[in-house]
file model.txt (compact mmCIF, C-alpha atoms)
# COMPACT_ATOMS: atom_id res chain seq x y z
CA GLY A 101 -65.89 -165.67 18.46
CA GLN A 102 -64.24 -164.56 21.66
CA SER A 103 -60.54 -165.07 22.34
CA LEU A 104 -57.84 -163.75 24.63
CA GLU A 105 -54.09 -164.14 24.34
CA GLN A 106 -51.53 -163.73 27.08
CA PRO A 107 -48.02 -165.16 27.51
CA SER A 108 -47.88 -168.53 29.19
CA GLU A 109 -44.92 -167.72 31.46
CA VAL A 110 -42.94 -164.74 32.67
CA THR A 111 -39.91 -164.75 34.97
CA ALA A 112 -38.58 -161.73 36.87
CA VAL A 113 -36.40 -160.99 39.88
CA GLU A 114 -37.47 -159.71 43.25
CA GLY A 115 -37.78 -155.92 43.32
CA ALA A 116 -38.17 -155.62 39.57
CA ILE A 117 -41.11 -154.48 37.44
CA VAL A 118 -42.97 -156.87 35.17
CA GLN A 119 -45.67 -156.32 32.57
CA ILE A 120 -48.15 -159.03 31.54
CA ASN A 121 -49.90 -158.32 28.26
CA CYS A 122 -53.34 -159.38 27.11
CA THR A 123 -54.86 -158.99 23.67
CA TYR A 124 -58.45 -159.86 22.99
CA GLN A 125 -60.93 -160.36 20.19
CA THR A 126 -64.49 -160.05 21.31
CA SER A 127 -67.81 -158.58 20.33
CA GLY A 128 -69.83 -156.60 22.83
CA PHE A 129 -66.73 -155.62 24.85
CA TYR A 130 -67.44 -153.92 28.17
CA GLY A 131 -64.26 -154.15 30.18
CA LEU A 132 -61.08 -156.04 31.07
CA SER A 133 -60.38 -157.57 34.48
CA TRP A 134 -57.30 -159.14 36.02
CA TYR A 135 -57.27 -161.97 38.57
CA GLN A 136 -54.47 -163.57 40.57
CA GLN A 137 -54.43 -167.25 41.44
CA HIS A 138 -51.88 -169.01 43.64
CA ASP A 139 -51.32 -172.72 43.17
CA GLY A 140 -54.30 -174.72 44.41
CA GLY A 141 -56.18 -171.59 45.37
CA ALA A 142 -59.08 -169.57 44.11
CA PRO A 143 -58.69 -166.59 41.77
CA THR A 144 -58.88 -163.20 43.44
CA PHE A 145 -59.86 -159.98 41.73
CA LEU A 146 -57.12 -157.40 41.12
CA SER A 147 -58.50 -154.72 38.80
CA TYR A 148 -61.01 -153.72 36.15
CA ASN A 149 -60.69 -151.29 33.25
CA ALA A 150 -63.69 -150.14 31.25
CA LEU A 151 -62.13 -146.99 29.83
CA ASP A 152 -58.80 -146.36 28.16
CA GLY A 153 -55.96 -145.53 30.46
CA LEU A 154 -54.08 -146.66 33.53
CA GLU A 155 -55.65 -147.67 36.85
CA GLU A 156 -53.29 -147.87 39.82
CA THR A 157 -53.88 -149.88 42.98
CA GLY A 158 -50.81 -150.00 45.18
CA ARG A 159 -48.01 -151.99 43.53
CA PHE A 160 -50.34 -153.17 40.76
CA SER A 161 -51.54 -151.12 37.79
CA SER A 162 -53.69 -152.10 34.85
CA PHE A 163 -53.94 -150.47 31.44
CA LEU A 164 -56.49 -150.67 28.66
CA SER A 165 -56.55 -149.51 25.05
CA ARG A 166 -59.95 -150.27 23.55
CA SER A 167 -58.88 -149.19 20.08
CA ASP A 168 -56.01 -151.70 20.14
CA SER A 169 -57.99 -154.44 21.97
CA TYR A 170 -55.06 -154.61 24.35
CA GLY A 171 -54.39 -154.35 28.02
CA TYR A 172 -51.65 -155.12 30.49
CA LEU A 173 -51.05 -155.69 34.17
CA LEU A 174 -48.01 -153.99 35.66
CA LEU A 175 -46.53 -155.32 38.87
CA GLN A 176 -43.92 -153.15 40.60
CA GLU A 177 -41.48 -153.90 43.43
CA LEU A 178 -41.96 -157.60 42.86
CA GLN A 179 -42.08 -159.84 45.91
CA MET A 180 -41.71 -163.59 46.14
CA LYS A 181 -45.37 -163.84 47.13
CA ASP A 182 -46.33 -162.42 43.72
CA SER A 183 -45.38 -165.76 42.16
CA ALA A 184 -48.76 -166.92 40.87
CA SER A 185 -50.87 -167.18 37.74
CA TYR A 186 -52.47 -164.03 36.40
CA PHE A 187 -55.59 -164.15 34.23
CA CYS A 188 -57.05 -161.43 32.08
CA ALA A 189 -60.80 -161.65 31.63
CA VAL A 190 -63.10 -159.84 29.25
CA ARG A 191 -66.58 -158.77 30.26
CA ALA A 192 -68.78 -158.81 27.18
CA TYR A 193 -72.44 -158.51 26.30
CA THR A 194 -73.72 -161.04 23.77
CA GLY A 195 -77.40 -161.32 24.54
CA GLY A 196 -76.40 -161.35 28.20
CA PHE A 197 -73.31 -160.44 30.17
CA LYS A 198 -70.49 -163.01 30.18
CA THR A 199 -66.93 -163.10 31.49
CA ILE A 200 -64.37 -164.92 29.36
CA PHE A 201 -61.02 -165.80 30.92
CA GLY A 202 -57.66 -166.06 29.23
CA ALA A 203 -55.45 -169.12 29.73
CA GLY A 204 -53.32 -167.33 32.30
CA THR A 205 -49.70 -166.21 32.67
CA ARG A 206 -47.54 -168.02 35.17
CA LEU A 207 -45.24 -165.50 36.92
CA PHE A 208 -42.08 -166.78 38.57
CA VAL A 209 -40.33 -164.35 40.88
CA LYS A 210 -36.68 -165.21 41.62
CA ALA A 211 -34.59 -164.02 44.52
CA ASP B 270 -67.84 -163.35 57.51
CA GLY B 271 -69.40 -163.28 54.06
CA GLY B 272 -68.09 -165.58 51.41
CA ILE B 273 -68.51 -168.61 49.21
CA THR B 274 -68.08 -172.14 50.43
CA GLN B 275 -67.57 -175.22 48.33
CA SER B 276 -67.55 -178.75 49.59
CA PRO B 277 -65.83 -181.06 49.61
CA LYS B 278 -62.33 -179.80 48.82
CA TYR B 279 -61.30 -183.16 47.36
CA LEU B 280 -63.66 -185.69 45.84
CA PHE B 281 -63.00 -189.10 44.38
CA ARG B 282 -65.55 -191.01 42.37
CA LYS B 283 -65.66 -194.11 40.24
CA GLU B 284 -66.24 -193.77 36.53
CA GLY B 285 -69.93 -193.86 35.63
CA GLN B 286 -71.16 -192.34 38.88
CA ASN B 287 -72.93 -189.01 39.10
CA VAL B 288 -71.55 -186.59 41.70
CA THR B 289 -72.88 -183.30 43.06
CA LEU B 290 -70.60 -180.43 44.07
CA SER B 291 -71.92 -177.97 46.61
CA CYS B 292 -71.68 -174.17 46.37
CA GLU B 293 -73.16 -171.83 48.97
CA GLN B 294 -72.81 -168.06 49.30
CA ASN B 295 -73.93 -165.63 51.99
CA LEU B 296 -73.00 -162.49 50.08
CA ASN B 297 -76.60 -161.91 48.94
CA HIS B 298 -75.36 -162.04 45.35
CA ASP B 299 -77.83 -162.57 42.54
CA ALA B 300 -75.52 -164.18 39.98
CA MET B 301 -73.60 -167.44 40.44
CA TYR B 302 -71.24 -169.29 38.13
CA TRP B 303 -69.51 -172.65 37.74
CA TYR B 304 -66.11 -172.91 36.07
CA ARG B 305 -63.87 -175.80 35.23
CA GLN B 306 -60.08 -175.45 35.32
CA ASP B 307 -57.68 -178.01 33.92
CA PRO B 308 -53.94 -178.00 34.73
CA GLY B 309 -52.21 -175.00 33.19
CA GLN B 310 -55.46 -173.75 31.71
CA GLY B 311 -57.79 -170.84 32.20
CA LEU B 312 -61.32 -171.00 33.54
CA ARG B 313 -64.06 -172.32 31.29
CA LEU B 314 -67.68 -171.49 32.03
CA ILE B 315 -69.98 -174.47 32.61
CA TYR B 316 -73.26 -172.88 33.75
CA TYR B 317 -74.38 -169.59 35.21
CA SER B 318 -77.47 -168.24 36.91
CA GLN B 319 -78.50 -164.59 37.09
CA ILE B 320 -81.53 -165.13 39.35
CA VAL B 321 -83.25 -167.87 41.32
CA ASN B 322 -84.97 -170.56 39.25
CA ASP B 323 -83.13 -169.54 36.10
CA PHE B 324 -79.81 -170.65 34.64
CA GLN B 325 -78.03 -170.74 31.30
CA LYS B 326 -75.48 -173.01 29.68
CA GLY B 327 -71.93 -171.80 29.41
CA ASP B 328 -69.32 -172.90 26.93
CA ILE B 329 -68.89 -176.48 28.16
CA ALA B 330 -72.25 -177.49 29.65
CA GLU B 331 -72.44 -180.99 28.14
CA GLY B 332 -72.39 -183.66 30.82
CA TYR B 333 -73.25 -181.23 33.63
CA SER B 334 -76.47 -180.07 35.26
CA VAL B 335 -77.34 -177.40 37.82
CA SER B 336 -80.24 -176.09 39.86
CA ARG B 337 -80.93 -172.72 41.50
CA GLU B 338 -83.79 -173.22 43.92
CA LYS B 339 -82.39 -170.77 46.48
CA LYS B 340 -80.42 -167.56 46.06
CA GLU B 341 -77.67 -168.89 48.31
CA SER B 342 -77.13 -172.23 46.62
CA PHE B 343 -76.02 -173.35 43.15
CA PRO B 344 -75.09 -177.07 43.14
CA LEU B 345 -73.40 -178.66 40.15
CA THR B 346 -73.93 -182.29 39.17
CA VAL B 347 -71.26 -183.97 37.11
CA THR B 348 -73.02 -186.77 35.29
CA SER B 349 -71.69 -189.97 33.80
CA ALA B 350 -72.15 -188.35 30.38
CA GLN B 351 -69.18 -186.05 31.04
CA LYS B 352 -66.32 -187.73 29.18
CA ASN B 353 -63.41 -186.33 31.17
CA PRO B 354 -64.65 -185.04 34.52
CA THR B 355 -61.36 -184.97 36.43
CA ALA B 356 -60.65 -181.27 37.01
CA PHE B 357 -60.68 -178.40 39.50
CA TYR B 358 -64.17 -176.89 39.81
CA LEU B 359 -64.66 -173.31 40.92
CA CYS B 360 -67.87 -171.61 41.93
CA ALA B 361 -68.18 -167.83 41.83
CA SER B 362 -70.75 -165.13 42.46
CA THR B 363 -71.27 -161.48 41.60
CA SER B 364 -73.65 -158.92 42.97
CA GLY B 365 -74.71 -157.78 39.52
CA GLN B 366 -74.34 -154.24 40.80
CA GLY B 367 -71.45 -151.89 40.26
CA GLU B 368 -69.14 -151.36 37.36
CA THR B 369 -66.47 -153.97 37.85
CA ASN B 370 -68.57 -157.14 38.02
CA GLU B 371 -65.94 -158.49 40.40
CA GLN B 372 -66.32 -162.24 40.75
CA PHE B 373 -65.87 -163.76 44.19
CA PHE B 374 -64.63 -167.33 44.07
CA GLY B 375 -65.00 -170.24 46.42
CA PRO B 376 -61.97 -172.38 47.37
CA GLY B 377 -62.77 -174.97 44.71
CA THR B 378 -63.39 -178.70 44.59
CA ARG B 379 -60.81 -180.99 43.03
CA LEU B 380 -62.66 -183.92 41.48
CA THR B 381 -60.81 -187.08 40.53
CA VAL B 382 -62.62 -189.83 38.68
CA LEU B 383 -60.94 -193.21 39.00
call {"tool": "encode", "arguments": {"input": "model.txt", "output": "structure tokens"}}
result
Amino acid sequence: GQSLEQPSEVTAVEGAIVQINCTYQTSGFYGLSWYQQHDGGAPTFLSYNALDGLEETGRFSSFLSRSDSYGYLLLQELQMKDSASYFCAVRAYTGGFKTIFGAGTRLFVKA
Amino acid sequence: DGGITQSPKYLFRKEGQNVTLSCEQNLNHDAMYWYRQDPGQGLRLIYYSQIVNDFQKGDIAEGYSVSREKKESFPLTVTSAQKNPTAFYLCASTSGQGETNEQFFGPGTRLTVL
């Protein structure tokens, strides 16, 4: 089967750095994506990792280790507007391409 | 501006009634998806379509139906067979090109069955 695990909640202070982890079990793994969703809104794409290593996009970075079936999203210089839910999502091929989403991590940024 | 539109934003229906949620995209994307999101939960795939006139069941297709007669449109019908239809429904599309398979989401429809 396919499964993803990520923490349900994380709290951090403004200006800090926070890491949201994601472990997955899946066959036909192609890559790991991260999405941000504010309350009542639609998810928006943040990053995608197909190969091992760190991808940096501004204040956000994403890491993947295929051998460990593990990835993380790193948010630096946290701002209040970063308070949102963050979902990891696996792209896998099982007779066709599918994207499976984790349950999400709710990030609370405090002043 | 290119994007995905869903209508309506809020929808109320009586139990036992079928209801159709609209999803339109002008991104010229081949693939379209329907997800269901319950409070505090991730996104669960209902149906997806890679090309016009073809679609496949996702993980929770029971009680739902779709059609893909045009590239731009992928309506979802929530039938009376769906036991617990109250949820937030999200439509998404991807170009099918490129490495990231970035999914573009519509604003969602919040369905409440009374």
call {"tool": "closest_atom_pairs", "arguments": {"input": "model.txt", "of": "chain A", "to": "chain B", "cutoff": "10 Å", "atoms": "all atoms listed in the file", "output": "CSV"}}
result
residue,atom,partner,partner_atom,distance
A:Ser108,CA,B:Gly309,CA,8.8
A:Tyr130,CA,B:Glu368,CA,9.7
A:Gly131,CA,B:Thr369,CA,8.0
A:Leu132,CA,B:Thr369,CA,8.9
A:Ser133,CA,B:Thr369,CA,7.8
A:Trp134,CA,B:Glu371,CA,9.7
A:Tyr135,CA,B:Gln372,CA,9.3
A:Gly140,CA,B:Gly377,CA,8.5
A:Gly141,CA,B:Pro376,CA,6.2
A:Ala142,CA,B:Pro376,CA,5.2
A:Pro143,CA,B:Phe374,CA,6.4
A:Thr144,CA,B:Phe373,CA,7.1
A:Phe145,CA,B:Glu371,CA,6.4
A:Leu146,CA,B:Glu371,CA,8.9
A:Ser147,CA,B:Thr369,CA,8.1
A:Tyr148,CA,B:Thr369,CA,5.7
A:Asn149,CA,B:Thr369,CA,7.9
A:Ala150,CA,B:Thr369,CA,8.1
A:Ser185,CA,B:Gly309,CA,9.1
A:Tyr186,CA,B:Gly311,CA,9.6
A:Phe187,CA,B:Gly311,CA,7.3
A:Cys188,CA,B:Gly311,CA,9.4
A:Ala189,CA,B:Leu312,CA,9.6
A:Arg191,CA,B:Asn370,CA,8.2
A:Gly196,CA,B:Gln319,CA,9.7
A:Phe197,CA,B:Gln319,CA,9.6
A:Lys198,CA,B:Gly327,CA,8.9
A:Thr199,CA,B:Leu314,CA,8.4
A:Ile200,CA,B:Arg313,CA,7.7
A:Phe201,CA,B:Leu312,CA,5.8
A:Gly202,CA,B:Gly311,CA,5.6
A:Ala203,CA,B:Gly311,CA,3.8
A:Gly204,CA,B:Gly311,CA,5.7
A:Thr205,CA,B:Gly309,CA,9.2
A:Arg206,CA,B:Gly309,CA,8.6
call {"tool": "write_last_selection", "arguments": {"input": "model.txt", "atoms": "C-alpha atoms", "output": "mmCIF file, in the coordinates of the input"}}
result
data_model
loop_
_atom_site.group_PDB
_atom_site.id
_atom_site.type_symbol
_atom_site.label_atom_id
_atom_site.label_comp_id
_atom_site.auth_asym_id
_atom_site.auth_seq_id
_atom_site.Cartn_x
_atom_site.Cartn_y
_atom_site.Cartn_z
ATOM 1 C CA SER A 108 -47.880 -168.530 29.190
ATOM 2 C CA TYR A 130 -67.440 -153.920 28.170
ATOM 3 C CA GLY A 131 -64.260 -154.150 30.180
ATOM 4 C CA LEU A 132 -61.080 -156.040 31.070
ATOM 5 C CA SER A 133 -60.380 -157.570 34.480
ATOM 6 C CA TRP A 134 -57.300 -159.140 36.020
ATOM 7 C CA TYR A 135 -57.270 -161.970 38.570
ATOM 8 C CA GLY A 140 -54.300 -174.720 44.410
ATOM 9 C CA GLY A 141 -56.180 -171.590 45.370
ATOM 10 C CA ALA A 142 -59.080 -169.570 44.110
ATOM 11 C CA PRO A 143 -58.690 -166.590 41.770
ATOM 12 C CA THR A 144 -58.880 -163.200 43.440
ATOM 13 C CA PHE A 145 -59.860 -159.980 41.730
ATOM 14 C CA LEU A 146 -57.120 -157.400 41.120
ATOM 15 C CA SER A 147 -58.500 -154.720 38.800
ATOM 16 C CA TYR A 148 -61.010 -153.720 36.150
ATOM 17 C CA ASN A 149 -60.690 -151.290 33.250
ATOM 18 C CA ALA A 150 -63.690 -150.140 31.250
ATOM 19 C CA SER A 185 -50.870 -167.180 37.740
ATOM 20 C CA TYR A 186 -52.470 -164.030 36.400
ATOM 21 C CA PHE A 187 -55.590 -164.150 34.230
ATOM 22 C CA CYS A 188 -57.050 -161.430 32.080
ATOM 23 C CA ALA A 189 -60.800 -161.650 31.630
ATOM 24 C CA ARG A 191 -66.580 -158.770 30.260
ATOM 25 C CA GLY A 196 -76.400 -161.350 28.200
ATOM 26 C CA PHE A 197 -73.310 -160.440 30.170
ATOM 27 C CA LYS A 198 -70.490 -163.010 30.180
ATOM 28 C CA THR A 199 -66.930 -163.100 31.490
ATOM 29 C CA ILE A 200 -64.370 -164.920 29.360
ATOM 30 C CA PHE A 201 -61.020 -165.800 30.920
ATOM 31 C CA GLY A 202 -57.660 -166.060 29.230
ATOM 32 C CA ALA A 203 -55.450 -169.120 29.730
ATOM 33 C CA GLY A 204 -53.320 -167.330 32.300
ATOM 34 C CA THR A 205 -49.700 -166.210 32.670
ATOM 35 C CA ARG A 206 -47.540 -168.020 35.170
#
call {"tool": "residues_around", "arguments": {"input": "model.txt", "residues": "Cys292 (chain B)", "least_positions_apart": "3", "cutoff": "12 Å", "atoms": "all atoms listed in the file", "output": "VMD selection string"}}
result
chain B and resid 272 to 278 289 295 301 to 304 335 to 337 339 to 346 358 to 362 374 to 378
call {"tool": "write_last_selection", "arguments": {"input": "model.txt", "atoms": "C-alpha atoms", "output": "compact mmCIF listing (two decimals), in the frame of the given file"}}
result
# COMPACT_ATOMS: atom_id res chain seq x y z
CA GLY B 272 -68.09 -165.58 51.41
CA ILE B 273 -68.51 -168.61 49.21
CA THR B 274 -68.08 -172.14 50.43
CA GLN B 275 -67.57 -175.22 48.33
CA SER B 276 -67.55 -178.75 49.59
CA PRO B 277 -65.83 -181.06 49.61
CA LYS B 278 -62.33 -179.80 48.82
CA THR B 289 -72.88 -183.30 43.06
CA ASN B 295 -73.93 -165.63 51.99
CA MET B 301 -73.60 -167.44 40.44
CA TYR B 302 -71.24 -169.29 38.13
CA TRP B 303 -69.51 -172.65 37.74
CA TYR B 304 -66.11 -172.91 36.07
CA VAL B 335 -77.34 -177.40 37.82
CA SER B 336 -80.24 -176.09 39.86
CA ARG B 337 -80.93 -172.72 41.50
CA LYS B 339 -82.39 -170.77 46.48
CA LYS B 340 -80.42 -167.56 46.06
CA GLU B 341 -77.67 -168.89 48.31
CA SER B 342 -77.13 -172.23 46.62
CA PHE B 343 -76.02 -173.35 43.15
CA PRO B 344 -75.09 -177.07 43.14
CA LEU B 345 -73.40 -178.66 40.15
CA THR B 346 -73.93 -182.29 39.17
CA TYR B 358 -64.17 -176.89 39.81
CA LEU B 359 -64.66 -173.31 40.92
CA CYS B 360 -67.87 -171.61 41.93
CA ALA B 361 -68.18 -167.83 41.83
CA SER B 362 -70.75 -165.13 42.46
CA PHE B 374 -64.63 -167.33 44.07
CA GLY B 375 -65.00 -170.24 46.42
CA PRO B 376 -61.97 -172.38 47.37
CA GLY B 377 -62.77 -174.97 44.71
CA THR B 378 -63.39 -178.70 44.59
call {"tool": "residues_around", "arguments": {"input": "model.txt", "residues": "Val113 (chain A)", "least_positions_apart": "4", "cutoff": "10 Å", "atoms": "all atoms listed in the file", "output": "list in words"}}
result
Ile117, Val118, Glu177, Leu178, Gln179, Met180, Phe208, Val209, Lys210 and Ala211 of chain A
call {"tool": "atom_distance", "arguments": {"input": "model.txt", "atom1": "CA of Tyr172 (chain A)", "atom2": "CA of Thr123 (chain A)"}}
result
8.5 Å
call {"tool": "residues_around", "arguments": {"input": "model.txt", "residues": "Thr348 (chain B)", "least_positions_apart": "6", "cutoff": "12 Å", "atoms": "all atoms listed in the file", "output": "number ranges by chain"}}
result
B: 282-290, 330-335, 354-355, 382
call {"tool": "atom_distance", "arguments": {"input": "model.txt", "atom1": "CA of Gln102 (chain A)", "atom2": "CA of Tyr193 (chain A)"}}
result
11.2 Å
call {"tool": "atom_distance", "arguments": {"input": "model.txt", "atom1": "CA of Ala116 (chain A)", "atom2": "CA of Asp139 (chain A)"}}
result
21.9 Å
call {"tool": "closest_residue", "arguments": {"input": "model.txt", "among": "B:Tyr316, B:Leu380, B:Thr363, B:Gln351", "to": "Asp299 (chain B)", "atoms": "all atoms listed in the file"}}
result
B:Thr363
call {"tool": "residues_around", "arguments": {"input": "model.txt", "residues": "Leu173 (chain A)", "least_positions_apart": "5", "cutoff": "8 Å", "atoms": "all atoms listed in the file", "output": "list of chain:residue names"}}
result
A:Gln119, A:Ile120, A:Asn121, A:Trp134, A:Phe160, A:Ser161, A:Ser162, A:Phe163
call {"tool": "build_atoms", "arguments": {"input": "model.txt", "residues": "region 363-377 of chain B", "atoms": "N, CA, C and O atoms", "output": "compact mmCIF listing (two decimals), in the frame of the given file"}}
result
# COMPACT_ATOMS: atom_id res chain seq x y z
N THR B 363 -71.39 -162.92 41.74
CA THR B 363 -71.27 -161.48 41.60
C THR B 363 -72.57 -160.84 42.05
O THR B 363 -73.64 -161.46 41.98
N SER B 364 -72.46 -159.61 42.48
CA SER B 364 -73.65 -158.92 42.97
C SER B 364 -74.56 -158.48 41.83
O SER B 364 -75.74 -158.27 42.01
N GLY B 365 -73.95 -158.31 40.64
CA GLY B 365 -74.71 -157.78 39.52
C GLY B 365 -74.82 -156.27 39.57
O GLY B 365 -75.33 -155.66 38.64
N GLN B 366 -74.33 -155.70 40.66
CA GLN B 366 -74.34 -154.24 40.80
C GLN B 366 -72.91 -153.74 40.57
O GLN B 366 -71.95 -154.47 40.68
N GLY B 367 -72.79 -152.45 40.34
CA GLY B 367 -71.45 -151.89 40.26
C GLY B 367 -70.81 -152.10 38.90
O GLY B 367 -71.25 -152.93 38.11
N GLU B 368 -69.76 -151.40 38.68
CA GLU B 368 -69.14 -151.36 37.36
C GLU B 368 -68.24 -152.56 37.09
O GLU B 368 -68.18 -153.07 35.99
N THR B 369 -67.55 -153.03 38.11
CA THR B 369 -66.47 -153.97 37.85
C THR B 369 -66.92 -155.40 37.64
O THR B 369 -66.19 -156.20 37.09
N ASN B 370 -68.14 -155.75 38.10
CA ASN B 370 -68.57 -157.14 38.02
C ASN B 370 -67.55 -158.09 38.62
O ASN B 370 -67.32 -159.19 38.12
N GLU B 371 -66.93 -157.65 39.73
CA GLU B 371 -65.94 -158.49 40.40
C GLU B 371 -66.56 -159.83 40.77
O GLU B 371 -67.64 -159.90 41.36
N GLN B 372 -65.86 -160.90 40.41
CA GLN B 372 -66.32 -162.24 40.75
C GLN B 372 -65.60 -162.70 42.01
O GLN B 372 -64.39 -162.60 42.12
N PHE B 373 -66.39 -163.21 42.95
CA PHE B 373 -65.87 -163.76 44.19
C PHE B 373 -65.90 -165.27 44.06
O PHE B 373 -66.95 -165.85 43.77
N PHE B 374 -64.75 -165.90 44.28
CA PHE B 374 -64.63 -167.33 44.07
C PHE B 374 -64.61 -168.10 45.38
O PHE B 374 -64.08 -167.62 46.41
N GLY B 375 -65.15 -169.30 45.33
CA GLY B 375 -65.00 -170.24 46.42
C GLY B 375 -63.64 -170.91 46.34
O GLY B 375 -62.91 -170.71 45.38
N PRO B 376 -63.29 -171.75 47.33
CA PRO B 376 -61.97 -172.38 47.37
C PRO B 376 -61.79 -173.50 46.36
O PRO B 376 -60.67 -173.96 46.14
N GLY B 377 -62.87 -173.94 45.74
CA GLY B 377 -62.77 -174.97 44.71
C GLY B 377 -62.92 -176.38 45.23
O GLY B 377 -62.70 -176.66 46.42
